[in-house]
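K.L.:
My structure file work-v5.csv, CSV, C-alpha atoms, is below:
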chain,number,residue,atom,x,y,z
Q,1,GLY,CA,6.7,-27.3,0.5
Q,2,TYR,CA,8.9,-26.0,-2.4
Q,3,VAL,CA,5.9,-25.1,-4.6
Q,4,ALA,CA,4.2,-23.4,-1.6
Q,5,VAL,CA,7.3,-21.3,-1.0
Q,6,LEU,CA,7.4,-20.3,-4.7
Q,7,HIS,CA,3.8,-19.3,-4.6
Q,8,PHE,CA,4.3,-17.2,-1.5
Q,9,ILE,CA,7.2,-15.4,-3.1
Q,10,TYR,CA,5.1,-14.8,-6.2
Q,11,MET,CA,2.2,-13.4,-4.2
Q,12,LEU,CA,4.6,-11.2,-2.1
Q,13,ASN,CA,6.0,-9.7,-5.3
Q,14,LEU,CA,2.5,-8.9,-6.5
Q,15,VAL,CA,1.7,-7.2,-3.2
Q,16,ASN,CA,5.0,-5.2,-3.3
Q,17,GLU,CA,4.6,-4.2,-7.0
Q,18,ASN,CA,1.1,-2.9,-6.3
Q,19,PHE,CA,1.6,-1.4,-2.9
Q,20,ASP,CA,2.3,2.1,-4.1
Q,21,LEU,CA,0.2,2.0,-7.2
Q,22,LEU,CA,-1.6,5.2,-8.1
Q,23,SER,CA,-5.2,5.2,-9.2
Q,24,PHE,CA,-5.9,5.8,-12.9
Q,25,GLU,CA,-7.1,9.4,-12.2
Q,26,GLU,CA,-4.0,10.2,-10.1
Q,27,SER,CA,-1.7,8.8,-12.7
Q,28,LEU,CA,-3.2,11.1,-15.4
Q,29,LEU,CA,-2.3,14.1,-13.2
Q,30,ASN,CA,1.0,13.0,-11.6
Q,31,PHE,CA,3.1,11.7,-14.5
Q,32,LYS,CA,4.7,14.4,-16.6
Q,33,SER,CA,6.0,14.3,-20.1
Q,34,ASN,CA,9.4,15.5,-21.2
Q,35,ASN,CA,7.7,18.8,-21.8
Q,36,ASN,CA,6.4,18.9,-18.2
Q,37,LYS,CA,2.8,18.2,-19.2
Q,38,SER,CA,0.4,15.7,-17.7
Q,39,ILE,CA,-1.9,13.4,-19.7
Q,40,ALA,CA,-4.8,15.2,-18.0
Q,41,GLN,CA,-3.6,18.6,-19.1
Q,42,MET,CA,-2.9,17.4,-22.7
Q,43,SER,CA,-6.3,15.8,-23.0
Q,44,GLU,CA,-8.3,18.9,-22.1
Q,45,LYS,CA,-8.0,20.5,-25.5
Q,46,LYS,CA,-7.2,17.6,-27.7
Q,47,ILE,CA,-7.6,13.8,-27.9
Q,48,VAL,CA,-4.4,12.1,-26.9
Q,49,LEU,CA,-3.2,8.8,-28.1
Q,50,VAL,CA,-1.3,7.2,-25.2
Q,51,VAL,CA,1.0,4.5,-26.6
Q,52,PHE,CA,2.7,2.2,-24.1
Q,53,LEU,CA,5.8,0.7,-25.7
Q,54,ARG,CA,7.3,-2.5,-24.6
Q,55,HIS,CA,11.0,-1.8,-25.1
Q,56,PHE,CA,12.9,-0.1,-28.0
Q,57,GLY,CA,14.5,-3.4,-29.0
Q,58,CYS,CA,11.0,-4.9,-29.6
Q,59,ILE,CA,10.4,-5.4,-33.3
Q,60,PHE,CA,6.6,-4.8,-33.0
Q,61,CYS,CA,7.2,-1.6,-31.1
Q,62,ARG,CA,9.5,-0.4,-33.9
Q,63,LYS,CA,6.8,-1.2,-36.4
Q,64,LEU,CA,4.3,0.8,-34.2
Q,65,LEU,CA,6.6,3.8,-34.1
Q,66,GLN,CA,6.9,3.6,-37.9
Q,67,THR,CA,3.1,3.5,-38.2
Q,68,LEU,CA,2.9,6.7,-36.1
Q,69,LYS,CA,5.5,8.4,-38.3
Q,70,ASP,CA,3.7,7.3,-41.5
Q,71,ASN,CA,0.4,8.6,-40.2
Q,72,LYS,CA,1.4,11.9,-38.8
Q,73,SER,CA,-0.9,13.8,-41.2
Q,74,LEU,CA,-3.9,11.6,-40.2
Q,75,LEU,CA,-3.3,12.3,-36.5
Q,76,ASP,CA,-2.9,16.1,-37.3
Q,77,GLU,CA,-6.1,16.1,-39.3
Q,78,LYS,CA,-8.0,14.5,-36.4
Q,79,LYS,CA,-6.2,16.8,-33.9
Q,80,ILE,CA,-4.7,13.9,-32.0
Q,81,ASP,CA,-1.5,14.2,-30.1
Q,82,PRO,CA,0.5,11.0,-29.4
Q,83,ILE,CA,2.1,10.5,-26.0
Q,84,LEU,CA,4.6,7.7,-25.9
Q,85,VAL,CA,5.2,5.8,-22.6
Q,86,THR,CA,8.5,4.0,-22.3
Q,87,MET,CA,10.5,2.1,-19.6
Q,88,SER,CA,13.7,3.8,-20.8
Q,89,ASN,CA,15.2,7.0,-19.3
Q,90,SER,CA,14.6,10.3,-21.0
Q,91,LYS,CA,18.0,10.4,-22.7
Q,92,THR,CA,17.6,6.9,-24.2
Q,93,ALA,CA,14.0,7.5,-25.2
Q,94,GLN,CA,15.0,10.8,-27.0
Q,95,LEU,CA,17.8,9.0,-28.8
Q,96,TYR,CA,15.5,6.3,-30.2
Q,97,LEU,CA,12.7,8.7,-31.1
Q,98,ASN,CA,15.1,10.9,-33.0
Q,99,SER,CA,15.9,7.9,-35.2
Q,100,TYR,CA,12.3,7.7,-36.2
Q,101,ASN,CA,11.9,11.4,-36.7
Q,102,ILE,CA,9.1,11.5,-34.2
Q,103,ASP,CA,11.1,13.3,-31.5
Q,104,GLN,CA,8.4,16.1,-31.5
Q,105,CYS,CA,6.1,13.6,-29.7
Q,106,ASP,CA,5.7,14.0,-26.0
Q,107,PHE,CA,7.0,11.0,-24.1
Q,108,ILE,CA,6.9,9.8,-20.5
Q,109,SER,CA,9.7,7.8,-18.9
Q,110,ASP,CA,8.3,5.2,-16.5
Q,111,SER,CA,11.1,2.9,-15.5
Q,112,ASP,CA,9.2,1.5,-12.5
Q,113,ARG,CA,6.2,0.8,-14.7
Q,114,LYS,CA,3.8,2.5,-12.4
Q,115,LEU,CA,1.9,4.3,-15.2
Q,116,TYR,CA,1.8,1.0,-17.1
Q,117,ARG,CA,0.2,-0.7,-14.1
Q,118,SER,CA,-2.3,2.2,-13.5
Q,119,PHE,CA,-3.6,1.7,-17.0
Q,120,GLY,CA,-3.7,-2.1,-16.6
Q,121,VAL,CA,-0.9,-2.7,-19.1
Q,122,THR,CA,0.7,-5.7,-17.4
Q,123,ARG,CA,3.6,-8.1,-17.9
Q,124,GLY,CA,2.8,-10.9,-20.3
Q,125,LYS,CA,2.7,-14.7,-19.9
Q,126,PHE,CA,5.2,-16.9,-21.6
Q,127,TYR,CA,2.9,-17.8,-24.5
Q,128,GLN,CA,2.2,-14.1,-25.2
Q,129,ILE,CA,5.9,-13.2,-25.5
Q,130,PHE,CA,7.5,-16.4,-26.9
Q,131,GLY,CA,4.7,-18.5,-28.5
Q,132,LEU,CA,5.0,-19.9,-32.0
Q,133,LYS,CA,2.7,-17.3,-33.4
Q,134,VAL,CA,5.0,-14.6,-32.1
Q,135,TRP,CA,8.2,-16.3,-33.4
Q,136,TRP,CA,6.7,-16.5,-36.9
Q,137,LYS,CA,5.6,-12.9,-37.0
Q,138,THR,CA,9.1,-11.9,-35.6
Q,139,PHE,CA,10.7,-13.8,-38.5
Q,140,VAL,CA,8.3,-12.1,-41.1
Q,141,LEU,CA,9.0,-8.6,-39.8
Q,142,GLY,CA,12.7,-9.0,-39.0
Q,143,VAL,CA,13.8,-10.9,-42.0
Q,144,LEU,CA,11.2,-10.7,-44.8
Q,145,GLN,CA,10.2,-7.1,-44.1
Q,146,GLY,CA,13.6,-5.9,-43.1
Q,147,TYR,CA,13.0,-4.6,-39.6
Q,148,GLY,CA,16.1,-6.5,-38.3
Q,149,PHE,CA,16.7,-7.5,-34.7
Q,150,ARG,CA,17.9,-5.4,-31.8
Q,151,ARG,CA,18.8,-6.1,-28.2
Q,152,THR,CA,16.2,-5.8,-25.4
Q,153,VAL,CA,16.2,-2.5,-23.6
Q,154,GLY,CA,13.8,-2.9,-20.7
Q,155,ASP,CA,11.5,-5.6,-19.4
Q,156,ALA,CA,11.1,-8.3,-22.1
Q,157,TYR,CA,7.8,-9.5,-20.5
Q,158,GLN,CA,6.1,-6.1,-20.5
Q,159,MET,CA,3.1,-5.9,-22.8
Q,160,SER,CA,2.0,-2.9,-24.9
Q,161,GLY,CA,-1.2,-1.0,-25.1
Q,162,VAL,CA,-2.8,2.0,-26.8
Q,163,PHE,CA,-5.5,4.4,-25.4
Q,164,LEU,CA,-7.4,7.3,-26.8
Q,165,ILE,CA,-8.1,9.8,-24.1
Q,166,LYS,CA,-10.2,13.0,-24.1
Q,167,GLU,CA,-10.7,15.1,-20.9
Q,168,SER,CA,-9.2,12.4,-18.8
Q,169,ARG,CA,-11.7,9.8,-20.1
Q,170,VAL,CA,-10.8,6.7,-22.1
Q,171,LEU,CA,-12.6,6.7,-25.4
Q,172,LYS,CA,-11.1,3.6,-26.8
Q,173,SER,CA,-8.3,1.1,-26.1
Q,174,PHE,CA,-6.2,-1.6,-27.7
Q,175,MET,CA,-4.8,-4.3,-25.5
Q,176,PRO,CA,-3.0,-7.1,-27.5
Q,177,GLU,CA,-3.3,-10.7,-26.4
Q,178,TYR,CA,0.1,-11.4,-28.1
Q,179,ILE,CA,3.0,-9.0,-28.4
Q,180,SER,CA,2.8,-9.6,-32.2
Q,181,ASP,CA,-0.9,-8.6,-32.6
Q,182,ASN,CA,-1.2,-6.0,-35.3
Q,183,PHE,CA,-2.3,-2.5,-34.4
Q,184,ASP,CA,-4.3,-0.9,-37.2
Q,185,LEU,CA,-4.3,2.8,-36.6
Q,186,ASN,CA,-6.9,3.6,-39.3
Q,187,GLU,CA,-9.3,1.0,-38.0
Q,188,PHE,CA,-8.7,2.2,-34.4
Q,189,LEU,CA,-9.5,5.8,-35.3
Q,190,GLU,CA,-12.5,4.9,-37.5
Q,191,LYS,CA,-15.7,7.0,-36.8
Q,192,LEU,CA,-13.6,9.3,-34.6
Q,193,LYS,CA,-14.3,13.0,-35.3
Q,194,SER,CA,-11.7,15.6,-34.9
Q,195,VAL,CA,-11.8,17.8,-31.9
Q,196,LYS,CA,-12.0,21.5,-32.3
Q,197,ASP,CA,-9.5,23.7,-30.3
Render the structure in this file as structure tokens.
P.N.:
Amino acid sequence: GYVAVLHFIYMLNLVNENFDLLSFEESLLNFKSNNNKSIAQMSEKKIVLVVFLRHFGCIFCRKLLQTLKDNKSLLDEKKIDPILVTMSNSKTAQLYLNSYNIDQCDFISDSDRKLYRSFGVTRGKFYQIFGLKVWWKTFVLGVLQGYGFRRTVGDAYQMSGVFLIKESRVLKSFMPEYISDNFDLNEFLEKLKSVKD
């Protein structure tokens, strides 16, 4: 009886969470960045790199932000505009992005995670967030590489994801199995030609 009740509650939450879910195409049009531009608009002239962050306290997301900062010239050369998607409100997002000197990037605040879900960027399972592999990489980054540790700002179970989009079409995607999976930007952009304005 107790297990059946828990299962029912779980299924009910899934139904409620996906009840008002926009289609992928609708989400590209309806979600606007801090500069009032949709992903669909931005992808008309350039390739956009849509980066779904977990939360700003996440050590792997901070490494990803550092990667974007360090590779700005590469993204410019290939005429790729990053769009960051965060669960934080606009004020909090701007504050964190300022600290990485990438505040010129467009970002979308999605506290209800509707855009995340439209892209299939889901909440993770326990092993994906807290497994031994994750703890070890957290130690390496946080202690050995000096990234440090910060408090969670958002849903700790939310996964990340990266998508290359041109003219509202996904060219390539990266969906990690573990939150600690390394994202290699150079490898991700390999064989990708720049797009002319």
K.L.:
Between Q:Lys63, Q:Lys45, Q:Lys133, Q:Arg54, single out the one closest to Asp184 (chain Q), counting only C-alpha atoms.
P.N.:
Q:Lys63
K.L.:
Taking only C-alpha atoms into account, which of Q:Met159, Q:Leu95, Q:Leu164, Q:Leu189 comes nearest Gly124 (chain Q)?
P.N.:
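Checking each candidate against Gly124 (chain Q), we get Q:Met159 as the closest.
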K.L.:
Which one is closest to Ser43 (chain Q): Q:Leu22, Q:Ala93, Q:Leu132, Q:Ile165? Count only C-alpha atoms.
P.N.:
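Selected residue with least distance to Ser43 (chain Q): Q:Ile165.
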K.L.:
Mind listing whatever residues come within 10 Å of the point (13.8, 0.9, -13.3)? Use only C-alpha atoms, file coordinates, and give them as a list in words.
P.N.:
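Neighbouring residues, ordered by chain and number, come to Met87, Ser88, Asn89, Ser109, Asp110, Ser111, Asp112, Arg113, Gly154 and Asp155 of chain Q.
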K.L.:
Each residue of region 35-90 of chain Q with at least one atom at most 12 Å from region 167-177 of chain Q should appear once, together with its nearest atom pair and the corresponding distance in Å (one decimal); atoms considered: all atoms listed in the file; ordering: chain, then increasing residue number; output as CSV.
P.N.:
residue,atom,partner,partner_atom,distance
Q:Ser38,CA,Q:Ser168,CA,10.2
Q:Ile39,CA,Q:Ser168,CA,7.4
Q:Ala40,CA,Q:Ser168,CA,5.3
Q:Gln41,CA,Q:Glu167,CA,8.1
Q:Met42,CA,Q:Glu167,CA,8.3
Q:Ser43,CA,Q:Glu167,CA,4.9
Q:Glu44,CA,Q:Glu167,CA,4.7
Q:Lys45,CA,Q:Glu167,CA,7.6
Q:Lys46,CA,Q:Glu167,CA,8.0
Q:Ile47,CA,Q:Glu167,CA,7.8
Q:Val48,CA,Q:Glu167,CA,9.2
Q:Leu49,CA,Q:Ser173,CA,9.4
Q:Val50,CA,Q:Ser173,CA,9.3
Q:Val51,CA,Q:Phe174,CA,9.5
Q:Phe52,CA,Q:Met175,CA,10.0
Q:Leu53,CA,Q:Met175,CA,11.7
Q:Arg54,CA,Q:Pro176,CA,11.6
Q:Phe60,CA,Q:Pro176,CA,11.3
K.L.:
How many Å lie between CA of Glu187 (chain Q) and CA of Arg62 (chain Q), rounded to one decimal?
P.N.:
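So the answer is 19.3 Å.
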K.L.:
Between CA of Lys69 (chain Q) and CA of Lys125 (chain Q), what is the distance, to one decimal in Å?
P.N.:
29.7 Å
K.L.:
Would you work out the distance separating CA of Asn186 (chain Q) from CA of Lys79 (chain Q), expressed in Å to one decimal?
P.N.:
14.3 Å
